[in-house]
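Visitor: Following this message is one structure expressed as structure tokens.
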Amino acid sequence: MTDRIADIWGQRTPYARDTAWPVRLDQHLQEGVSESDVQHWVQSACVLCSNGCACDIAVKDGRMVGVRGRGGDVVNHGRLGPKGLYGSWQWNGRDRLTRPLIREHGELVETDWNTAMDRIVQRSRHLLDEVGSSSHGFYTSGQLFLEEYYTLGVIGKAGLGTPHMDGNTRLCTATAAAAMKESFGSDGQPGSYTDIDSCDALFLFGHNMAETQTVLWMRVLDRLHGPDRPRIVAVDPRRTKVADAAVESGGVHLAPLPGTNLALMNGLVNQLITQGWVDEEYVSAHTLGFEELARTVEPYTAEKVGEICRVPPDDLRRAAEIFGTSERVLSTVLQGFYQSHQATASSCQVNNLHLLRGLLGRPGCGVLQMNGQPTAQNTRECGADGDLPGFRNWENPNHIDQLAELWNVDPLVIPHWAPPTHAMQIWRYVEQGSIDFLWISATNPAASMPELPRIRNILGREELFLVVQDGFPNETTEFADVVLPAAMWGEKQGTFTNVDRTVHLSEKAVDPPGAARSDLDIFLDYARRMDLRDRDGEPLVTWHDPESAFEAWKECTRGRPCDYTGLSYDKLRGGSGVPWPCNAENPDGSDRLYADGVFPTAPEVCESYGHDLLTGGATPPTNYRADRPDGRAFLKTAEYTPAPEVPSEEYPYVCTTGRTVYHFHTRTKTGRAAQLRTAAPEPWVELSPGDAEALDVAEGDLVRVESRRGAMEAPARVGRGRDGTVFLPFHYGYWDTAGSDGQSRAANELTQTEWDPVSKQPLFKVSAVRVTKLAPGRGCAPAPTTTASAPHDPAAVPATRGDQGSETREDPGVADPPGRAPTPEHTPGVPQPVSPHAARRR
Amino acid sequence: MHLPVYVGLLDSSLRSLADAFRQVSDGHGEEPDVEYLCGVLAGQVDEQWEALAPVIRRYGENREHEPERLHATGLDSTRSGGVGLLRDLQDLYMLGSFVDMTWTVVGQAAQGLRDRELLRIVQTHEQDTSRQLQWLQTRIKQAAPQALIAAK
């Protein structure tokens with residue numbers, strides 16, 4: 001038995017470079033349930049982070065009673081993290097929405113599906129007649145399944161014809177997609193998790209992997225405990241476990257002031273160029289824009305960067321040296337970059353580091369532009385967010401024609417006069433009243449959006465007709481006109497795709513509670529009731545269940561970089577997940593992309609013609625063609641500019657928000673799992689020891705953190721961050737505070753409505769705040785001691801522990817590790833260059 | 001030589017454009033991207049204008065003898081609402097286009113004069129003007145349908 005609350009990453013299974021990561025089977029069963037009690041094990045994959053760990057759900061008497069990792073899966077080799085073990089299977093029973101609700105005389109009352117759907121359709125029809133499709137907005141999630149996103153995408157884009165569709169993926173993963181489009185021409189993860197097995201150096205840019213993707217971090221830890229261990233470089237203002245590992249491995253921890261990432265990255269690229277760590281042959285044959293890149297980064301000397309970012313110049317030089325001289329480098333990027341200032345430009349500079357050294361497409365040489373959510377990749381590729389399905393380019397008329405033909409609709413129905421509206425703009429249109437019909441599915445914006453006072457005002461607008469589709473009542477359902485009860489994971493069937501493009505099938509294990517329906521069935525019902533038709537008068541949506549939706553989606557991806565045509569439900573059953581592209585020629589999928597250095601930048605295939613990274617101004621198609629990218633990647637960056645909000649006398653600290661290992665999002669799932677709830681029960685405010693002393697704040701004292709927009713109050717954790725920086729966990733809202741004194745506790749009370757000009761991802765991580773001590777504490781802050789929120793003085797705070805009697809097992813080495821998917825020499829869906837590489841060399 | 005006429009035109013139109021960017025930034029605080037980027041771009045135009053100083057020293061600047069037909073004098077105030085934003089961005093676009101063509105004309109003269117320093121200044125800074133126009137066009141195209149069709 002093991003306590004995976006205290007021991008988050010479990011026992012080590014060390015392995016050497018270029019060998020296979022050993023299997024370790026992790027399992028947890030509900031107390032009192034033994035393995036022999038389990039009646040069925042039902043195949044799935046975990047949805048409590050973006051890693052995509054394959055698992056089997058234990059079922060007894062029609063209930064989910066536990067979970068175990070799938071040893072034969074390429075993603076996790078049997079392991080699960082604390083959230084998967086303790087939180088994933090627990091949401092079937094309590095507190096669920098089980099009947100549709102409609103608002104009558106100001107109150108939400110129970111009703112039947114007919115009444116609820118009729119009300120939606122009536123309002124929808126009325127607004128379509130009166131105003132047109134621009135009156136409709138859809139705000140979805142990174143939590144649904146592929147089939148659901150694609151269905152929603154077709155309804156919105158080909159049925160109604162509204163450009164206003166996006167997801168909360170805008171808050172977590174938009175920059176990953178944007179950075180790949182700008183550098184490589186299209187979304188599509190170049191690297192693979194298997195690159196961890198082979199790398200000599202691992203760079204984590206704003207990525208606290210130890211907490212956000214625990215199972216991926218186990219893989220790193222197992223390399224660090226083996227022979228020929230990689231060096232780690234961590235870029236993070238907090239002293240995370242990743243930062244500790246960086247120091248221990250002989251690497252570097254760079255802690256730039258929040259908001260200055262681009263200056264740091266321009267400095268790293270400057271070092272690479274001035275020190276001569278550039279593969280000139282690769283750059284000349286496979287990239288465009290070197291001269292301009294070199295010109296832009298020229299002023300960013302180590303000293304200048306040190307001044308802007310407040311990092312020691314020698315640390316920057318050392319980090320650059322590790323990047324420049326290691327044989328194989330893997331980089332990962334996450335919210336520390338994505339949710340910060342100049343997000344896309346900073347993330348593109350990570351791509352540039354790899355392009356400059358030609359470190360892509362080979363074992364151990366890769367980039368993982370990470371996702372924050374389990375199914376974010378599908379929101380992006382299926383067209384339920386600000387992109388067109390199959391990574392199609394809204395500015396390319398041929399791509400629009402392909403979709404029009406596939407769906408048998410007039411191309412003019414498909415909105416493509418501008419990029420699909422990004423979430424922040426959708427909310428602005430709702431605020432202004434030009435969107436009066438908003439349908440929110442599987443997300444909780446009243447806790448997760450920036451600047452909550454504003455969001456509550458918008459959701460509370462009288463003229464707004466608000467549909468909220470979710471599994472639990474939450475902060476957002478409070479505002480709804482219609483609430484639709486949705487089935488959740490384990491209660492429905494579907495597929496989803498993780499960060500490294502691996503597709504998993506998740507089977508239905510149990511029935512949803514009460515009258516709850518799958519999101520797919522709800523969308524299909526809406527399409528039917530709206531009588532959405534194609535240009536021949538036939539029903540627009542021709543599928544009726546998850547598998548037929550998947551088959552329809554496969555056709556949409558045929559020949560595109562995210563080709564699914566070689567996959568099927570049967571193929572995904574029983575064995576491992578399979579990474580796309582997967583087609584007839586590559587039936588086993590593709591481990592990594594761009595082995596031959598040919599990228600999907602040809603104008604006829606690219607997903608975007610690119611942007612100016614400073615402003616987000618779109619590159620005109622004629623300019624793009626004139627550059628003749630022809631399969632070469634773009635080396636792009638921008639000059640550093642100070643963030644929209646910088647510390648001032650009145651608001652002297654920079655506030656960043658983020659995750660803790662024990663929770664996901666607004667805790668609607670993890671907050672209902674006893675072990676996870678106990679490990680991190682309430683919010684806290686993390687201060688550096690220096691700042692705490694200056695403020696006369698001791699561990700556990702109640703403090704108020706206040707920006708120009710709002711404030712929150714919580715006990716202080718005197719932690720290990722850098723001076724001048726305050727950290728807040730973003731998970732805590734108000735759904736479980738009934739009976740409390742109404743104290744503000746959500747981090748997003750004070751975050752700002754600002755976004756990156758290219759990816760449009762909001763800037764959660766750079767709010768100027770002031771901190772005031774309110775009252776002496778009654779004990780320690782409720783922050784975990786096991787992670788980045790560890791106290792400065794470990795002796796002062798009792799260690800975070802789990803339930804010692806819990807039925808949790810780890811069995812290392814019980815099976816051989818699974819094989820890897822092959823890496824195709826040339827990436828499917830990418831045109832061969834017109835002019836051969838040799839001819840391009842200078 | 002009439003180059004000083006165009007140097008003067010560049011000088012005054014850059015100042016108008018910087019002011020106009022600042023004014024739109026201040027007037028549209030409810031559109032955070034417009035507020036922030038117009039502020040950044042105003043700073044960029046200031047830098048362009050500063051870079052012009054040696055040119056003014058060398059060639060001087062003349063007031064135009066031709067009567068002003070199109071008054072590219074800047075914005076008096078900003079508007080509000082969806083269509084108001086559109087109009088303000090379009091005004092910026094017109095001012096920016098005026099600056100853009102003025103760079104082009106000065107650049108042509110620099111070529112004729114074989115003035116390498118002036119050529120370098122023009123080449124460096126006219127790119128920033130086209131970036132500004134590119135952003136304005138992108139933002140206008142995005143805002144137009146909603147403002148014209150669905151706004152109340």
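By convention in this document, the chains of the structure tokens carry letters A, B, ... by their order, each chain's residues are numbered from 1, and ligands are numbered from 1 in the order they are shown.
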Would you please give, as a VMD selection string, all residues of range 257-380 of chain A that DSSP assigns to helix (DSSP H, G or I) based on the backbone?
Guide: chain A and resid 261 to 274 280 to 286 290 to 297 302 to 309 313 to 325 335 to 338 343 to 357 376 to 380
Visitor: Near range 242-249 of chain A, counting only C-alpha atoms, which residues have an atom at most 9 Å away, once you skip same-chain residues fewer than 5 positions from it, shown as a list in words?
Guide: Leu204, His207, Asn208, Met209, Ala210, Trp217, Leu221, Leu224, Arg229, Pro230, Arg231, Ile232, Val233, Ala234, Val235, Asp236, Leu254 and Ala788 of chain A
Visitor: Store the residues picked out above, limited to N, CA and C atoms, as a PDB file, in the first residue's frame.
Guide:
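File produced: again.pdb:
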ATOM      1  N   LEU A 204      12.446  23.217 -19.460  1.00  0.00           N
ATOM      2  CA  LEU A 204      11.019  23.411 -19.161  1.00  0.00           C
ATOM      3  C   LEU A 204      10.762  24.907 -19.026  1.00  0.00           C
ATOM      4  N   HIS A 207       6.886  25.728 -17.151  1.00  0.00           N
ATOM      5  CA  HIS A 207       6.176  24.462 -17.095  1.00  0.00           C
ATOM      6  C   HIS A 207       6.523  23.730 -15.808  1.00  0.00           C
ATOM      7  N   ASN A 208       5.623  23.762 -14.860  1.00  0.00           N
ATOM      8  CA  ASN A 208       5.809  23.054 -13.603  1.00  0.00           C
ATOM      9  C   ASN A 208       5.292  21.627 -13.774  1.00  0.00           C
ATOM     10  N   MET A 209       6.009  20.867 -14.592  1.00  0.00           N
ATOM     11  CA  MET A 209       5.566  19.526 -14.975  1.00  0.00           C
ATOM     12  C   MET A 209       5.327  18.621 -13.770  1.00  0.00           C
ATOM     13  N   ALA A 210       6.109  18.832 -12.718  1.00  0.00           N
ATOM     14  CA  ALA A 210       5.979  17.977 -11.535  1.00  0.00           C
ATOM     15  C   ALA A 210       4.568  18.034 -10.965  1.00  0.00           C
ATOM     16  N   TRP A 217       6.298  13.659 -15.459  1.00  0.00           N
ATOM     17  CA  TRP A 217       7.406  13.976 -14.554  1.00  0.00           C
ATOM     18  C   TRP A 217       8.006  12.713 -13.966  1.00  0.00           C
ATOM     19  N   LEU A 221      11.823  11.850 -13.786  1.00  0.00           N
ATOM     20  CA  LEU A 221      12.496  11.434 -12.548  1.00  0.00           C
ATOM     21  C   LEU A 221      13.215  10.106 -12.739  1.00  0.00           C
ATOM     22  N   LEU A 224      16.334  10.753 -14.350  1.00  0.00           N
ATOM     23  CA  LEU A 224      17.245  11.435 -13.424  1.00  0.00           C
ATOM     24  C   LEU A 224      17.830  10.473 -12.394  1.00  0.00           C
ATOM     25  N   ARG A 229      22.189  10.704 -16.918  1.00  0.00           N
ATOM     26  CA  ARG A 229      20.982  11.500 -16.704  1.00  0.00           C
ATOM     27  C   ARG A 229      21.026  12.834 -17.460  1.00  0.00           C
ATOM     28  N   PRO A 230      19.878  13.313 -17.871  1.00  0.00           N
ATOM     29  CA  PRO A 230      19.855  14.597 -18.583  1.00  0.00           C
ATOM     30  C   PRO A 230      20.003  15.760 -17.605  1.00  0.00           C
ATOM     31  N   ARG A 231      20.488  16.874 -18.105  1.00  0.00           N
ATOM     32  CA  ARG A 231      20.478  18.101 -17.299  1.00  0.00           C
ATOM     33  C   ARG A 231      19.156  18.830 -17.527  1.00  0.00           C
ATOM     34  N   ILE A 232      18.673  19.431 -16.458  1.00  0.00           N
ATOM     35  CA  ILE A 232      17.386  20.119 -16.520  1.00  0.00           C
ATOM     36  C   ILE A 232      17.619  21.626 -16.438  1.00  0.00           C
ATOM     37  N   VAL A 233      16.912  22.383 -17.259  1.00  0.00           N
ATOM     38  CA  VAL A 233      16.886  23.837 -17.113  1.00  0.00           C
ATOM     39  C   VAL A 233      15.432  24.249 -16.916  1.00  0.00           C
ATOM     40  N   ALA A 234      15.164  24.968 -15.824  1.00  0.00           N
ATOM     41  CA  ALA A 234      13.796  25.376 -15.504  1.00  0.00           C
ATOM     42  C   ALA A 234      13.682  26.889 -15.591  1.00  0.00           C
ATOM     43  N   VAL A 235      12.660  27.366 -16.294  1.00  0.00           N
ATOM     44  CA  VAL A 235      12.366  28.796 -16.322  1.00  0.00           C
ATOM     45  C   VAL A 235      11.051  28.989 -15.581  1.00  0.00           C
ATOM     46  N   ASP A 236      11.114  29.525 -14.387  1.00  0.00           N
ATOM     47  CA  ASP A 236       9.926  29.635 -13.543  1.00  0.00           C
ATOM     48  C   ASP A 236      10.220  30.603 -12.410  1.00  0.00           C
ATOM     49  N   LEU A 254      16.279  29.439 -13.933  1.00  0.00           N
ATOM     50  CA  LEU A 254      16.144  30.868 -14.247  1.00  0.00           C
ATOM     51  C   LEU A 254      14.790  31.330 -13.737  1.00  0.00           C
ATOM     52  N   ALA A 788       5.423  22.949  -5.169  1.00  0.00           N
ATOM     53  CA  ALA A 788       5.995  24.295  -5.262  1.00  0.00           C
ATOM     54  C   ALA A 788       5.509  25.202  -4.144  1.00  0.00           C
TER      55      ALA A 788
END
Visitor: For Gly107 in chain B, work out the shell of residues within 9 Å, counting only C-alpha atoms and skipping chain neighbours fewer than 2 positions away, then give it as a ChimeraX atom specification.
Guide: /B:102-105,109-112,118-119,121-123
Visitor: Considering only C-alpha atoms, give me a table of residues in chain B that are at most 7 Å from chain A, with the closest atom pair and distance in Å for each, as JSON lines.
Guide:
{"residue": "B:Pro32", "atom": "CA", "partner": "A:Glu754", "partner_atom": "CA", "distance": 5.7}
{"residue": "B:Asp33", "atom": "CA", "partner": "A:Glu754", "partner_atom": "CA", "distance": 6.6}
{"residue": "B:Tyr36", "atom": "CA", "partner": "A:Pro644", "partner_atom": "CA", "distance": 6.4}
{"residue": "B:Leu37", "atom": "CA", "partner": "A:Thr615", "partner_atom": "CA", "distance": 6.7}
{"residue": "B:Arg131", "atom": "CA", "partner": "A:Gly617", "partner_atom": "CA", "distance": 6.9}
{"residue": "B:Gln134", "atom": "CA", "partner": "A:Gly617", "partner_atom": "CA", "distance": 5.0}
{"residue": "B:Trp135", "atom": "CA", "partner": "A:Gly617", "partner_atom": "CA", "distance": 3.6}
{"residue": "B:Thr138", "atom": "CA", "partner": "A:Gly617", "partner_atom": "CA", "distance": 5.5}
{"residue": "B:Lys141", "atom": "CA", "partner": "A:Ala418", "partner_atom": "CA", "distance": 6.4}
{"residue": "B:Gln142", "atom": "CA", "partner": "A:Ala418", "partner_atom": "CA", "distance": 5.3}
{"residue": "B:Gln146", "atom": "CA", "partner": "A:Ser134", "partner_atom": "CA", "distance": 6.7}
{"residue": "B:Ala150", "atom": "CA", "partner": "A:Ser434", "partner_atom": "CA", "distance": 5.1}
{"residue": "B:Ala151", "atom": "CA", "partner": "A:Ser434", "partner_atom": "CA", "distance": 4.6}
{"residue": "B:Lys152", "atom": "CA", "partner": "A:Ser434", "partner_atom": "CA", "distance": 6.1}
Visitor: For the selection just defined, write its residues with C-alpha atoms to a file, as a JSON list (two decimals), in the first residue's frame.
Guide:
[["chain", "number", "residue", "atom", "x", "y", "z"],
["B", 32, "PRO", "CA", -8.10, 46.07, -23.93],
["B", 33, "ASP", "CA", -6.20, 44.97, -27.03],
["B", 36, "TYR", "CA", -2.65, 48.35, -25.14],
["B", 37, "LEU", "CA", -1.51, 48.00, -28.75],
["B", 131, "ARG", "CA", 3.21, 46.56, -39.55],
["B", 134, "GLN", "CA", -1.32, 45.42, -41.15],
["B", 135, "TRP", "CA", -2.57, 45.32, -37.56],
["B", 138, "THR", "CA", -6.65, 42.86, -39.28],
["B", 141, "LYS", "CA", -11.77, 43.23, -40.64],
["B", 142, "GLN", "CA", -12.43, 41.34, -37.43],
["B", 146, "GLN", "CA", -20.37, 42.33, -35.78],
["B", 150, "ALA", "CA", -25.42, 42.58, -34.90],
["B", 151, "ALA", "CA", -24.53, 45.59, -32.74],
["B", 152, "LYS", "CA", -27.40, 47.27, -30.95]]
Visitor: Among range 578-728 of chain A, which residues does DSSP mark as strand (DSSP E) when it is run on the backbone? Keep the chain and numbering as in the structure and answer as a PyMOL selection string.
Guide: chain A and resi 578-579+633-634+653-658+685-687+702-706+711-718+725-728
Visitor: Calculate how many Å separate CA of Gly10 in chain A from CA of Asn371 in chain A, rounding to one decimal.
Guide: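 Distance between the two atoms: 23.6 Å.
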Visitor: Would you please work out which residue, of B:Gly39, B:Glu47, B:Leu148, B:Asp100, is nearest to Glu126 in chain B when using only C-alpha atoms?
Guide: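 The shortest atom-to-atom distance to Glu126 in chain B comes from B:Asp100.
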Visitor: What's around Tyr193 in chain A at 8 Å? Count only C-alpha atoms, leave out sequence neighbours fewer than 2 positions away in its own chain, and write the answer as a list in words.
Guide: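 Contacts, in chain order: Val75, Gly191, Asp195, Ile196, Asp197, Leu216 and Asp500 of chain A.
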Visitor: Deliver the residues from the most recent selection as a file, using N, CA and C atoms, as a PDB file, in the first residue's frame.
Guide:
ATOM      1  N   VAL A  75       1.677   6.039 -23.511  1.00  0.00           N
ATOM      2  CA  VAL A  75       1.726   7.303 -22.762  1.00  0.00           C
ATOM      3  C   VAL A  75       2.245   7.106 -21.347  1.00  0.00           C
ATOM      4  N   GLY A 191       7.104  16.930 -31.234  1.00  0.00           N
ATOM      5  CA  GLY A 191       7.784  15.941 -30.415  1.00  0.00           C
ATOM      6  C   GLY A 191       6.869  14.857 -29.885  1.00  0.00           C
ATOM      7  N   ASP A 195      10.647  11.286 -26.366  1.00  0.00           N
ATOM      8  CA  ASP A 195      11.870  12.084 -26.410  1.00  0.00           C
ATOM      9  C   ASP A 195      12.514  12.216 -25.028  1.00  0.00           C
ATOM     10  N   ILE A 196      11.701  12.047 -23.981  1.00  0.00           N
ATOM     11  CA  ILE A 196      12.277  12.069 -22.622  1.00  0.00           C
ATOM     12  C   ILE A 196      13.261  10.909 -22.457  1.00  0.00           C
ATOM     13  N   ASP A 197      12.965   9.788 -23.105  1.00  0.00           N
ATOM     14  CA  ASP A 197      13.822   8.602 -22.971  1.00  0.00           C
ATOM     15  C   ASP A 197      15.216   8.828 -23.565  1.00  0.00           C
ATOM     16  N   LEU A 216       4.177  12.359 -16.559  1.00  0.00           N
ATOM     17  CA  LEU A 216       5.291  12.725 -17.437  1.00  0.00           C
ATOM     18  C   LEU A 216       6.536  13.028 -16.592  1.00  0.00           C
ATOM     19  N   ASP A 500       0.828  14.737 -27.013  1.00  0.00           N
ATOM     20  CA  ASP A 500       1.723  14.240 -28.063  1.00  0.00           C
ATOM     21  C   ASP A 500       0.935  13.461 -29.129  1.00  0.00           C
TER      22      ASP A 500
END
Visitor: Skip Arg667 in chain A itself and residues of its chain fewer than 5 positions away, then list as a list in words all residues within 10 Å of it, counting only C-alpha atoms.
Guide: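 Everything that qualifies: Tyr662, Arg672, Ala673, Leu676, Arg677, Phe730, His731, Tyr732, Gly733, Trp735 and Asp736 of chain A.
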Visitor: Could you state the separation of CA of Thr657 in chain A and CA of Val685 in chain A in Å, given to one decimal place?
Guide: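 Atom-to-atom, CA of Thr657 in chain A to CA of Val685 in chain A, that is 9.9 Å.
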Visitor: Measuring between only C-alpha atoms, which one of A:Val769, A:Ala516, A:Ala263, A:Ala158 shows the shortest distance to His416 in chain A?
Guide: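 Ranked by minimum distance to His416 in chain A, first place goes to A:Ala158.
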Visitor: If we count only C-alpha atoms, what is near range 79-93 of chain B at a cut-off of 8 Å, once residues fewer than 4 positions away on the same chain are taken out, given as a list in words?
Guide: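 Surrounding residues, per the criterion: Leu17, Ala20, Phe21, Val24, Gly27, His28, Leu75, Ser97, Leu133, Leu136, Gln137, Ile140, Ala143, Ala144, Gln146, Ala147, Leu148 and Ala151 of chain B.
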Visitor: Residues of the last selection are to be written out with N, CA and C atoms, as a compact mmCIF listing (two decimals), in the first residue's frame.
Guide:
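Dumped everything to again03.txt:
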# COMPACT_ATOMS: atom_id res chain seq x y z
N LEU B 17 0.14 60.99 -36.20
CA LEU B 17 -0.18 59.57 -36.06
C LEU B 17 0.07 59.10 -34.62
N ALA B 20 -2.63 60.37 -32.50
CA ALA B 20 -3.90 59.69 -32.78
C ALA B 20 -3.92 58.29 -32.15
N PHE B 21 -2.80 57.57 -32.24
CA PHE B 21 -2.72 56.26 -31.59
C PHE B 21 -2.97 56.41 -30.09
N VAL B 24 -6.69 57.12 -29.43
CA VAL B 24 -7.54 55.94 -29.56
C VAL B 24 -7.29 54.98 -28.39
N GLY B 27 -9.15 56.40 -25.51
CA GLY B 27 -10.60 56.47 -25.69
C GLY B 27 -11.29 55.12 -25.76
N HIS B 28 -10.51 54.03 -25.88
CA HIS B 28 -11.14 52.72 -26.03
C HIS B 28 -10.63 51.73 -24.98
N LEU B 75 -6.79 63.22 -35.00
CA LEU B 75 -8.16 63.04 -34.51
C LEU B 75 -8.50 64.10 -33.47
N SER B 97 -1.70 55.36 -43.64
CA SER B 97 -1.45 55.26 -45.09
C SER B 97 -0.76 56.51 -45.61
N LEU B 133 -0.13 49.28 -40.20
CA LEU B 133 -1.28 49.20 -41.11
C LEU B 133 -1.84 47.78 -41.15
N LEU B 136 -3.92 47.26 -38.12
CA LEU B 136 -5.19 47.99 -38.21
C LEU B 136 -6.15 47.27 -39.16
N GLN B 137 -5.62 46.82 -40.27
CA GLN B 137 -6.49 46.13 -41.23
C GLN B 137 -7.06 44.85 -40.61
N ILE B 140 -9.72 45.81 -38.02
CA ILE B 140 -10.93 46.37 -38.66
C ILE B 140 -11.75 45.23 -39.29
N ALA B 143 -13.58 43.33 -36.65
CA ALA B 143 -14.67 44.03 -35.95
C ALA B 143 -15.85 44.34 -36.85
N ALA B 144 -15.61 44.43 -38.15
CA ALA B 144 -16.63 45.00 -39.04
C ALA B 144 -17.97 44.26 -39.05
N GLN B 146 -19.58 42.26 -37.00
CA GLN B 146 -20.37 42.33 -35.78
C GLN B 146 -20.91 43.74 -35.57
N ALA B 147 -20.04 44.73 -35.83
CA ALA B 147 -20.45 46.12 -35.62
C ALA B 147 -21.58 46.51 -36.58
N LEU B 148 -21.49 46.03 -37.82
CA LEU B 148 -22.45 46.48 -38.82
C LEU B 148 -23.74 45.66 -38.83
N ALA B 151 -24.61 44.65 -33.87
CA ALA B 151 -24.53 45.59 -32.74
C ALA B 151 -25.86 46.31 -32.54
Visitor: Excluding same-chain residues fewer than 4 positions from Arg15 in chain B, what lies within 8 Å of it counting only C-alpha atoms, as a ChimeraX atom specification?
Guide: /B:11,19,45-46,49
Visitor: For Ser13 in chain B, which residue out of B:Ser130, B:Ser77, B:Gln48, B:Ser25 is the nearest one, using only C-alpha atoms?
Guide: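 Closest candidate: B:Gln48.
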Visitor: For Ser648 in chain A, which of A:Gly276, A:Pro784, A:Gly724, A:Pro812 is the closest residue, counting only C-alpha atoms?
Guide: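 Result for the nearest residue to Ser648 in chain A: A:Gly724.
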